[in-house]
file entry_25.cif (mmCIF, C-alpha atoms and all ligand atoms)
data_query
loop_
_atom_site.label_atom_id
_atom_site.label_comp_id
_atom_site.auth_asym_id
_atom_site.auth_seq_id
_atom_site.Cartn_x
_atom_site.Cartn_y
_atom_site.Cartn_z
CA MET A 1 -7.29 -17.22 17.63
CA LEU A 2 -8.98 -16.69 14.28
CA GLY A 3 -12.21 -18.45 15.22
CA GLN A 4 -13.09 -15.97 17.95
CA GLU A 5 -12.52 -13.03 15.57
CA LEU A 6 -14.72 -14.68 12.95
CA ALA A 7 -17.43 -15.02 15.59
CA ARG A 8 -17.17 -11.27 16.24
CA VAL A 9 -17.13 -10.21 12.58
CA PHE A 10 -20.13 -12.40 11.71
CA LYS A 11 -22.05 -11.49 14.88
CA ASP A 12 -25.07 -10.13 12.98
CA GLU A 13 -25.36 -13.12 10.66
CA ASP A 14 -27.47 -16.21 11.22
CA LYS A 15 -24.72 -18.55 12.33
CA THR A 16 -23.76 -21.50 14.50
CA LEU A 17 -20.39 -21.58 16.25
CA TRP A 18 -18.81 -24.93 16.98
CA ASP A 19 -15.68 -25.69 18.97
CA ILE A 20 -13.90 -29.03 19.20
CA GLU A 21 -16.31 -30.15 21.95
CA ASP A 22 -19.18 -29.69 19.46
CA ILE A 23 -17.56 -31.12 16.35
CA ASP A 24 -14.37 -33.06 15.75
CA ILE A 25 -13.62 -32.46 12.07
CA THR A 26 -11.54 -35.65 11.88
CA LYS A 27 -14.62 -37.81 12.61
CA GLU A 28 -16.10 -37.77 9.14
CA MET A 29 -19.44 -39.51 9.76
CA ALA A 30 -20.28 -37.63 12.98
CA ALA A 31 -19.29 -34.32 11.37
CA ARG A 32 -21.42 -35.12 8.33
CA GLU A 33 -24.46 -35.87 10.49
CA LYS A 34 -24.16 -32.60 12.40
CA ILE A 35 -23.50 -30.45 9.36
CA GLU A 36 -26.23 -32.05 7.24
CA ALA A 37 -28.75 -31.52 10.06
CA LEU A 38 -27.82 -27.83 10.17
CA ALA A 39 -27.66 -27.47 6.38
CA PRO A 40 -25.61 -24.25 6.29
CA ASP A 41 -24.97 -22.18 3.15
CA VAL A 42 -21.39 -21.54 4.23
CA ILE A 43 -18.92 -23.55 6.32
CA ILE A 44 -15.87 -21.74 7.71
CA ASN A 45 -13.15 -24.04 8.98
CA ALA A 46 -10.78 -22.31 11.41
CA ALA A 47 -9.74 -25.59 13.07
CA ALA A 48 -6.14 -26.68 12.66
CA TYR A 49 -3.10 -28.42 14.08
CA ASN A 50 -0.61 -25.57 14.38
CA ALA A 51 2.36 -27.02 16.30
CA VAL A 52 4.99 -26.59 13.58
CA ASP A 53 7.86 -28.37 15.41
CA LYS A 54 5.77 -31.05 17.12
CA ALA A 55 4.29 -31.94 13.74
CA GLU A 56 7.68 -33.36 12.72
CA GLU A 57 6.99 -36.29 15.08
CA GLU A 58 3.19 -36.26 14.75
CA ARG A 59 2.80 -36.47 10.98
CA GLU A 60 -0.32 -38.62 11.11
CA LYS A 61 -2.12 -36.27 13.46
CA ALA A 62 -1.13 -33.17 11.46
CA ASP A 63 -2.17 -34.83 8.19
CA LEU A 64 -5.50 -35.89 9.65
CA ILE A 65 -6.49 -32.50 11.10
CA ASN A 66 -4.92 -30.24 8.45
CA GLY A 67 -5.09 -32.52 5.42
CA TYR A 68 -7.81 -35.16 5.37
CA ALA A 69 -10.40 -33.44 7.61
CA PRO A 70 -10.70 -30.34 5.37
CA GLY A 71 -11.27 -32.87 2.56
CA TYR A 72 -14.16 -34.40 4.53
CA LEU A 73 -15.65 -30.92 5.04
CA ALA A 74 -15.28 -30.21 1.33
CA LYS A 75 -17.13 -33.44 0.44
CA ILE A 76 -19.94 -32.63 2.87
CA ALA A 77 -20.13 -29.06 1.54
CA ASN A 78 -20.34 -30.42 -1.98
CA ASP A 79 -23.21 -32.75 -1.05
CA ILE A 80 -25.25 -30.03 0.67
CA LYS A 81 -24.30 -27.37 -1.93
CA ALA A 82 -22.52 -25.18 0.62
CA VAL A 83 -19.48 -22.95 0.22
CA LEU A 84 -16.37 -23.88 2.24
CA ILE A 85 -13.86 -21.35 3.50
CA HIS A 86 -10.60 -22.90 4.61
CA TYR A 87 -7.30 -21.36 5.78
CA SER A 88 -3.78 -22.22 4.76
CA THR A 89 -0.27 -20.94 5.28
CA ASP A 90 2.90 -19.51 3.72
CA TYR A 91 4.59 -22.71 4.99
CA VAL A 92 3.17 -24.57 1.97
CA PHE A 93 6.05 -22.92 0.06
CA GLU A 94 9.73 -23.82 0.26
CA GLY A 95 10.74 -20.18 0.70
CA GLU A 96 13.45 -19.72 -1.91
CA LYS A 97 11.57 -17.13 -4.00
CA LYS A 98 12.78 -13.75 -2.75
CA GLN A 99 10.13 -11.79 -4.66
CA GLY A 100 7.31 -13.67 -2.87
CA TYR A 101 4.66 -16.18 -3.88
CA PHE A 102 1.63 -15.70 -6.10
CA GLU A 103 -1.70 -17.35 -5.31
CA SER A 104 -1.13 -19.63 -8.31
CA ASP A 105 2.38 -20.81 -7.34
CA ALA A 106 2.62 -24.55 -6.73
CA PRO A 107 3.10 -25.58 -3.08
CA ASN A 108 6.40 -27.22 -2.24
CA PRO A 109 6.58 -27.57 1.55
CA ILE A 110 9.81 -28.29 3.45
CA GLY A 111 8.26 -29.43 6.75
CA VAL A 112 5.54 -31.78 8.00
CA TYR A 113 3.20 -28.96 9.08
CA GLY A 114 3.50 -27.25 5.68
CA ALA A 115 2.96 -30.58 3.93
CA SER A 116 -0.18 -31.25 6.00
CA LYS A 117 -1.58 -27.82 5.08
CA ALA A 118 -0.70 -28.37 1.41
CA LEU A 119 -2.55 -31.70 1.60
CA GLY A 120 -5.59 -29.83 3.00
CA GLU A 121 -5.52 -27.40 0.07
CA LYS A 122 -5.40 -30.32 -2.36
CA LYS A 123 -8.20 -32.25 -0.67
CA VAL A 124 -10.46 -29.17 -0.61
CA GLN A 125 -9.76 -28.45 -4.29
CA GLU A 126 -10.36 -32.08 -5.29
CA ASN A 127 -13.72 -32.37 -3.54
CA LEU A 128 -15.41 -29.01 -4.01
CA SER A 129 -15.39 -26.23 -6.57
CA ARG A 130 -17.23 -23.77 -4.28
CA HIS A 131 -14.22 -23.14 -2.04
CA TYR A 132 -12.14 -20.27 -0.79
CA ILE A 133 -8.67 -21.19 0.44
CA ILE A 134 -7.23 -18.20 2.25
CA ARG A 135 -3.50 -18.29 3.00
CA LEU A 136 -2.03 -16.26 5.83
CA SER A 137 1.18 -16.01 7.78
CA ARG A 138 2.29 -15.23 11.37
CA LEU A 139 -1.15 -14.76 12.86
CA PHE A 140 -1.33 -12.45 15.85
CA GLY A 141 -4.19 -11.34 18.06
CA LYS A 142 -5.93 -12.35 21.25
CA ILE A 143 -4.95 -15.90 22.23
CA GLY A 144 -7.54 -18.60 21.54
CA ALA A 145 -9.42 -20.26 24.41
CA GLY A 146 -8.76 -23.92 23.44
CA ALA A 147 -6.49 -26.38 25.25
CA GLY A 148 -3.99 -26.34 22.37
CA ALA A 149 -4.02 -22.54 21.93
CA LYS A 150 -0.60 -20.98 21.56
CA LYS A 151 0.39 -17.40 22.20
CA SER A 152 1.28 -15.36 19.15
CA PHE A 153 4.83 -14.11 18.61
CA VAL A 154 3.70 -10.66 19.80
CA ASP A 155 2.58 -11.86 23.24
CA THR A 156 5.52 -14.24 23.53
CA MET A 157 7.94 -11.31 23.01
CA ILE A 158 6.10 -9.10 25.50
CA ASP A 159 6.17 -11.87 28.12
CA LEU A 160 9.86 -12.64 27.54
CA ALA A 161 10.71 -8.96 27.98
CA LYS A 162 9.27 -9.06 31.52
CA THR A 163 12.05 -11.37 32.70
CA ASN A 164 14.90 -10.63 30.25
CA LYS A 165 17.08 -7.55 29.74
CA GLU A 166 18.41 -8.97 26.50
CA LEU A 167 16.78 -11.06 23.78
CA ARG A 168 18.22 -12.80 20.75
CA VAL A 169 15.77 -12.99 17.85
CA ILE A 170 16.23 -14.51 14.41
CA ASP A 171 16.90 -11.84 11.79
CA GLU A 172 15.81 -14.14 8.98
CA GLU A 173 12.65 -15.81 7.64
CA ILE A 174 10.94 -12.92 5.86
CA SER A 175 7.16 -12.98 5.78
CA SER A 176 4.11 -10.82 6.47
CA PRO A 177 2.33 -10.80 9.84
CA THR A 178 -1.44 -11.19 9.77
CA TYR A 179 -3.72 -9.56 12.36
CA ALA A 180 -6.55 -11.96 13.24
CA PRO A 181 -9.34 -9.30 13.25
CA ASP A 182 -8.17 -8.06 9.82
CA LEU A 183 -8.21 -11.61 8.47
CA ALA A 184 -11.72 -12.17 9.82
CA GLU A 185 -12.89 -8.92 8.15
CA ARG A 186 -11.19 -10.00 4.95
CA THR A 187 -13.02 -13.33 5.09
CA LYS A 188 -16.35 -11.50 5.32
CA PHE A 189 -15.32 -9.25 2.44
CA VAL A 190 -14.53 -12.24 0.22
CA LEU A 191 -17.95 -13.74 0.94
CA ASP A 192 -19.94 -10.51 0.74
CA SER A 193 -18.27 -9.45 -2.52
CA MET A 194 -18.94 -12.90 -4.02
CA ALA A 195 -15.32 -13.12 -5.10
CA PRO A 196 -14.58 -15.93 -7.57
CA TYR A 197 -13.83 -19.25 -5.84
CA GLY A 198 -10.18 -20.18 -5.46
CA ILE A 199 -7.02 -19.36 -3.52
CA TYR A 200 -6.48 -15.96 -1.88
CA HIS A 201 -3.61 -14.41 0.03
CA ALA A 202 -4.69 -12.30 3.00
CA THR A 203 -1.76 -11.14 5.13
CA ASN A 204 -1.27 -7.55 6.22
CA SER A 205 0.93 -5.64 3.79
CA GLY A 206 4.67 -5.18 4.32
CA SER A 207 7.03 -7.87 5.56
CA CYS A 208 9.70 -8.43 8.18
CA THR A 209 12.12 -10.86 9.77
CA TRP A 210 11.32 -12.07 13.31
CA TYR A 211 13.92 -9.57 14.63
CA GLU A 212 12.24 -6.68 12.80
CA PHE A 213 8.86 -7.84 14.10
CA ALA A 214 10.19 -7.89 17.68
CA LYS A 215 11.88 -4.51 17.24
CA GLU A 216 8.59 -2.90 16.22
CA ILE A 217 6.72 -4.55 19.12
CA PHE A 218 9.20 -3.12 21.64
CA ARG A 219 9.33 0.29 19.94
CA LEU A 220 5.55 0.61 20.04
CA LYS A 221 5.32 -0.68 23.63
CA LYS A 222 8.29 1.54 24.64
CA VAL A 223 10.07 -1.46 26.15
CA ASP A 224 13.75 -0.84 26.80
CA ILE A 225 15.50 -4.10 25.91
CA ASN A 226 18.75 -5.10 24.26
CA LEU A 227 17.59 -6.87 21.10
CA ILE A 228 20.28 -8.94 19.41
CA LYS A 229 20.13 -10.29 15.85
CA ALA A 230 20.44 -14.05 15.64
CA LYS A 231 20.65 -16.56 12.81
CA SER A 232 18.24 -19.44 12.22
CA GLU A 233 21.06 -21.89 13.06
CA ASP A 234 21.41 -20.26 16.50
CA PHE A 235 18.02 -21.74 17.42
CA PRO A 236 18.00 -25.34 16.19
CA ARG A 237 14.36 -26.40 15.82
CA PRO A 238 12.98 -29.72 14.58
CA ALA A 239 11.14 -28.17 11.60
CA ARG A 240 12.79 -26.23 8.79
CA ARG A 241 11.14 -22.87 7.98
CA PRO A 242 10.92 -21.05 4.63
CA LYS A 243 13.48 -18.22 4.32
CA PHE A 244 11.29 -15.95 2.16
CA SER A 245 7.57 -16.59 2.24
CA VAL A 246 5.85 -13.31 1.50
CA LEU A 247 2.37 -14.06 0.12
CA LEU A 248 1.72 -11.73 -2.80
CA ASN A 249 -1.87 -10.53 -3.00
CA THR A 250 -2.91 -10.01 -6.62
CA LYS A 251 -6.66 -10.60 -6.27
CA LEU A 252 -7.97 -8.47 -3.39
CA PRO A 253 -7.58 -4.86 -2.24
CA GLU A 254 -4.38 -4.32 -0.27
CA MET A 255 -4.67 -4.80 3.49
CA ARG A 256 -3.29 -2.22 5.92
CA HIS A 257 0.40 -2.39 6.87
CA TRP A 258 1.25 -4.89 9.60
CA THR A 259 2.75 -2.11 11.75
CA ASP A 260 -0.61 -0.26 11.74
CA ALA A 261 -2.43 -3.44 12.73
CA LEU A 262 0.18 -4.11 15.43
CA ALA A 263 -0.28 -0.61 16.90
CA GLU A 264 -4.03 -1.25 17.09
CA TYR A 265 -3.51 -4.61 18.78
CA LEU A 266 -1.11 -3.07 21.31
CA ASN A 267 -3.50 -0.16 21.76
CA VAL A 268 -0.85 2.51 21.15
CA ASN A 269 -0.30 5.28 18.61
CA LYS A 270 2.18 4.56 15.88
N1 LIG B 1 -1.24 -19.21 13.94
C1 LIG B 1 -0.50 -18.91 12.89
O1 LIG B 1 0.56 -18.24 12.99
C2 LIG B 1 -0.94 -19.36 11.51
C3 LIG B 1 -0.09 -19.13 10.43
C4 LIG B 1 -0.51 -19.52 9.15
C5 LIG B 1 -1.73 -20.15 8.98
N2 LIG B 1 -2.53 -20.40 10.07
C6 LIG B 1 -3.83 -21.04 9.84
O2 LIG B 1 -4.86 -20.17 10.25
C7 LIG B 1 -5.97 -20.92 10.73
C8 LIG B 1 -6.37 -20.44 12.11
O3 LIG B 1 -5.27 -20.64 12.99
P1 LIG B 1 -5.31 -20.22 14.54
O4 LIG B 1 -3.95 -19.75 14.91
O5 LIG B 1 -6.50 -19.37 14.80
O6 LIG B 1 -5.50 -21.66 15.21
P2 LIG B 1 -5.68 -22.02 16.77
O7 LIG B 1 -5.75 -20.81 17.63
O8 LIG B 1 -4.64 -23.06 17.07
O9 LIG B 1 -7.10 -22.69 16.75
C9 LIG B 1 -7.32 -23.91 16.12
C10 LIG B 1 -8.52 -24.54 16.80
O10 LIG B 1 -8.79 -25.80 16.16
C11 LIG B 1 -9.19 -26.68 17.17
N3 LIG B 1 -9.06 -28.06 16.72
C12 LIG B 1 -7.96 -28.83 16.67
N4 LIG B 1 -8.26 -30.04 16.19
C13 LIG B 1 -9.59 -30.05 15.93
C14 LIG B 1 -10.51 -31.01 15.45
N5 LIG B 1 -10.11 -32.25 15.13
N6 LIG B 1 -11.82 -30.68 15.30
C15 LIG B 1 -12.24 -29.44 15.64
N7 LIG B 1 -11.42 -28.48 16.11
C16 LIG B 1 -10.12 -28.79 16.26
C17 LIG B 1 -8.28 -26.35 18.33
O11 LIG B 1 -8.79 -26.86 19.54
P3 LIG B 1 -7.77 -27.14 20.79
O12 LIG B 1 -7.18 -25.82 21.15
O13 LIG B 1 -8.65 -27.71 21.82
O14 LIG B 1 -6.74 -28.09 20.24
C18 LIG B 1 -8.31 -24.84 18.30
O15 LIG B 1 -9.41 -24.33 19.01
C19 LIG B 1 -5.54 -22.37 10.66
O16 LIG B 1 -5.96 -22.96 9.44
C20 LIG B 1 -4.02 -22.29 10.67
O17 LIG B 1 -3.39 -23.42 10.11
C21 LIG B 1 -2.16 -20.00 11.32
#
call {"tool": "encode", "arguments": {"input": "entry_25.cif", "output": "structure tokens"}}
result
Amino acid sequence: MLGQELARVFKDEDKTLWDIEDIDITKEMAAREKIEALAPDVIINAAAYNAVDKAEEEREKADLINGYAPGYLAKIANDIKAVLIHYSTDYVFEGEKKQGYFESDAPNPIGVYGASKALGEKKVQENLSRHYIIRLSRLFGKIGAGAGAKKSFVDTMIDLAKTNKELRVIDEEISSPTYAPDLAERTKFVLDSMAPYGIYHATNSGSCTWYEFAKEIFRLKKVDINLIKAKSEDFPRPARRPKFSVLLNTKLPEMRHWTDALAEYLNVNK
């Protein structure tokens, strides 16, 4: 989802786009050979294992793709003197801090996916000083083309509304949606402005529960549906989720409100 928006935002740059068929980031030696032959100035890693619930039973796979592989990329980047941009998540936090999380707050994940992403942050930091770790939350935008691509919450809600008159949605888990094109633009901004290396938070501004997110989707799309507030316990899922995981942005200009980005994605006036 993010990769295709990065491709669009960097369209005028001298760049090479690789998908999983071109490079498997978990194969360290093969990845090193390809990257060293290309000798880029910047590596952007949008690859990830994003199945939050499935990760609970696939810890090794999640750790390899989200944890160790970004470490390999960081080592390679260090050897060829490149910059690495890597993405992380609000799920690296336990979600008990109602006022939100600063870039400098220590990760303390409560699920396997979050732990694998926290491992990736650590491995990147350990192996390379020239890194940008950009955390985001609730990505939405055009679905990715890959075999493992999953629909965003926005498209899932719109699809569910086609066959349901009533929907129950969790009115908990407060975080900030992130519009993929805005995140791609923000990535370019960080690079172009030569921001200091380190961790950045780049969600859209504002925050919501899943219920509030759904409510705004249906309001904007003018979908008449009976939306019912549910509790997290009403939908037992294998992975625990943070209750409050707003990512506070103290280093970059504020991004537009998530409802403005949502209106653009849905191609409607707010
Ligand atoms: N989506 C969210 O709500 C969300 C929230 C917070 C943070 N993030 C982070 O944001 C970043 C972008 O996420 P996204 O939603 O754009 O991800 P995505 O749509 O799931 O895309 C990830 C891509 O990585 C590929 N991939 C998986 N394993 C790979 C490997 N070993 N080598 C090379 N490529 C591999 C996948 O290929 P296949 O499809 O073929 O498997 C897929 O094309 C990730 O770092 C993610 O963790 C996402």
call {"tool": "axis_aligned_box", "arguments": {"input": "entry_25.cif", "around": "ligand LIG 1 (chain B)", "padding_each_side": "3 Å", "output": "AutoDock Vina command-line options"}}
result
--center_x -5.8 --center_y -25.2 --center_z 15.4 --size_x 18.8 --size_y 20.0 --size_z 18.8
call {"tool": "residues_near_ligand", "arguments": {"input": "entry_25.cif", "ligand": "ligand LIG 1 (chain B)", "cutoff": "9 Å", "atoms": "all atoms listed in the file", "output": "ChimeraX atom specification"}}
result
/A:1-5,18-27,45-51,64-66,69,86-91,113,117,134-141,143-153,177-178,180
call {"tool": "residues_around", "arguments": {"input": "entry_25.cif", "residues": "stretch 255-261 of chain A", "least_positions_apart": "3", "cutoff": "7 Å", "atoms": "only C-alpha atoms", "output": "PDB file with C-alpha atoms, in the frame of the given file"}}
result
ATOM      1  CA  PRO A 177       2.330 -10.800   9.840  1.00  0.00           C
ATOM      2  CA  THR A 178      -1.440 -11.190   9.770  1.00  0.00           C
ATOM      3  CA  TYR A 179      -3.720  -9.560  12.360  1.00  0.00           C
ATOM      4  CA  ASN A 204      -1.270  -7.550   6.220  1.00  0.00           C
ATOM      5  CA  SER A 205       0.930  -5.640   3.790  1.00  0.00           C
ATOM      6  CA  GLY A 206       4.670  -5.180   4.320  1.00  0.00           C
ATOM      7  CA  GLU A 264      -4.030  -1.250  17.090  1.00  0.00           C
ATOM      8  CA  TYR A 265      -3.510  -4.610  18.780  1.00  0.00           C
ATOM      9  CA  LYS A 270       2.180   4.560  15.880  1.00  0.00           C
TER      10      LYS A 270
END
call {"tool": "atom_distance", "arguments": {"input": "entry_25.cif", "atom1": "atom CA of A:Leu17", "atom2": "atom CA of A:Ala31"}}
result
13.7 Å
call {"tool": "atom_distance", "arguments": {"input": "entry_25.cif", "atom1": "atom CA of A:Ser245", "atom2": "atom CA of A:Leu6"}}
result
24.8 Å
call {"tool": "atom_distance", "arguments": {"input": "entry_25.cif", "atom1": "atom CA of A:Ala214", "atom2": "atom CA of A:Val52"}}
result
19.8 Å
call {"tool": "residues_around", "arguments": {"input": "entry_25.cif", "residues": "A:Asp224", "least_positions_apart": "2", "cutoff": "12 Å", "atoms": "all atoms listed in the file", "output": "ChimeraX atom specification"}}
result
/A:158,161-162,164-167,215-222,226-227
call {"tool": "closest_residue", "arguments": {"input": "entry_25.cif", "among": "A:Lys15, A:His131, A:Lys251, A:Arg241", "to": "A:Pro40", "atoms": "all atoms listed in the file"}}
result
A:Lys15
call {"tool": "closest_residue", "arguments": {"input": "entry_25.cif", "among": "A:Ile170, A:Pro107, A:Ala184, A:Arg59", "to": "A:Lys11", "atoms": "all atoms listed in the file"}}
result
A:Ala184
call {"tool": "closest_residue", "arguments": {"input": "entry_25.cif", "among": "A:Glu173, A:Glu233, A:Glu103, A:Asp182", "to": "A:Trp210", "atoms": "all atoms listed in the file"}}
result
A:Glu173
call {"tool": "residues_around", "arguments": {"input": "entry_25.cif", "residues": "A:Arg168", "least_positions_apart": "3", "cutoff": "6 Å", "atoms": "only C-alpha atoms", "output": "ChimeraX atom specification"}}
result
/A:227-230
call {"tool": "residues_around", "arguments": {"input": "entry_25.cif", "residues": "A:Asp105", "least_positions_apart": "5", "cutoff": "12 Å", "atoms": "only C-alpha atoms", "output": "PyMOL selection string"}}
result
chain A and resi 90+92-95+97+100+118+199-201+245+247-249
call {"tool": "residues_near_point", "arguments": {"input": "entry_25.cif", "point": "(-28.2, -26.3, 1.7)", "cutoff": "6 Å", "atoms": "only C-alpha atoms", "output": "PyMOL selection string"}}
result
chain A and resi 39-41+80-82
call {"tool": "write_last_selection", "arguments": {"input": "entry_25.cif", "atoms": "C-alpha atoms", "output": "compact mmCIF listing (two decimals), in the frame of the given file"}}
result
# COMPACT_ATOMS: atom_id res chain seq x y z
CA ALA A 39 -27.66 -27.47 6.38
CA PRO A 40 -25.61 -24.25 6.29
CA ASP A 41 -24.97 -22.18 3.15
CA ILE A 80 -25.25 -30.03 0.67
CA LYS A 81 -24.30 -27.37 -1.93
CA ALA A 82 -22.52 -25.18 0.62
call {"tool": "closest_residue", "arguments": {"input": "entry_25.cif", "among": "A:Ala115, A:Met194, A:Val9, A:Ile225", "to": "A:Tyr68", "atoms": "all atoms listed in the file"}}
result
A:Ala115
call {"tool": "residues_near_point", "arguments": {"input": "entry_25.cif", "point": "(9.3, -31.4, 9.5)", "cutoff": "9 Å", "atoms": "only C-alpha atoms", "output": "list in words"}}
result
Val52, Asp53, Lys54, Ala55, Glu56, Glu57, Arg59, Ile110, Gly111, Val112, Tyr113, Gly114, Ala115, Pro238, Ala239, Arg240 and Arg241 of chain A
call {"tool": "closest_residue", "arguments": {"input": "entry_25.cif", "among": "A:Ser104, A:Ser116, A:Thr250, A:Thr156", "to": "A:Ala202", "atoms": "all atoms listed in the file"}}
result
A:Thr250
call {"tool": "residues_around", "arguments": {"input": "entry_25.cif", "residues": "A:Val246", "least_positions_apart": "3", "cutoff": "8 Å", "atoms": "all atoms listed in the file", "output": "list in words"}}
result
Asp90, Gln99, Gly100, Tyr101, Ile174, Ser175, Ser176 and Ser207 of chain A
call {"tool": "closest_residue", "arguments": {"input": "entry_25.cif", "among": "A:Ile44, A:Asp14, A:Lys61, A:Gly67", "to": "A:Glu126", "atoms": "all atoms listed in the file"}}
result
A:Gly67
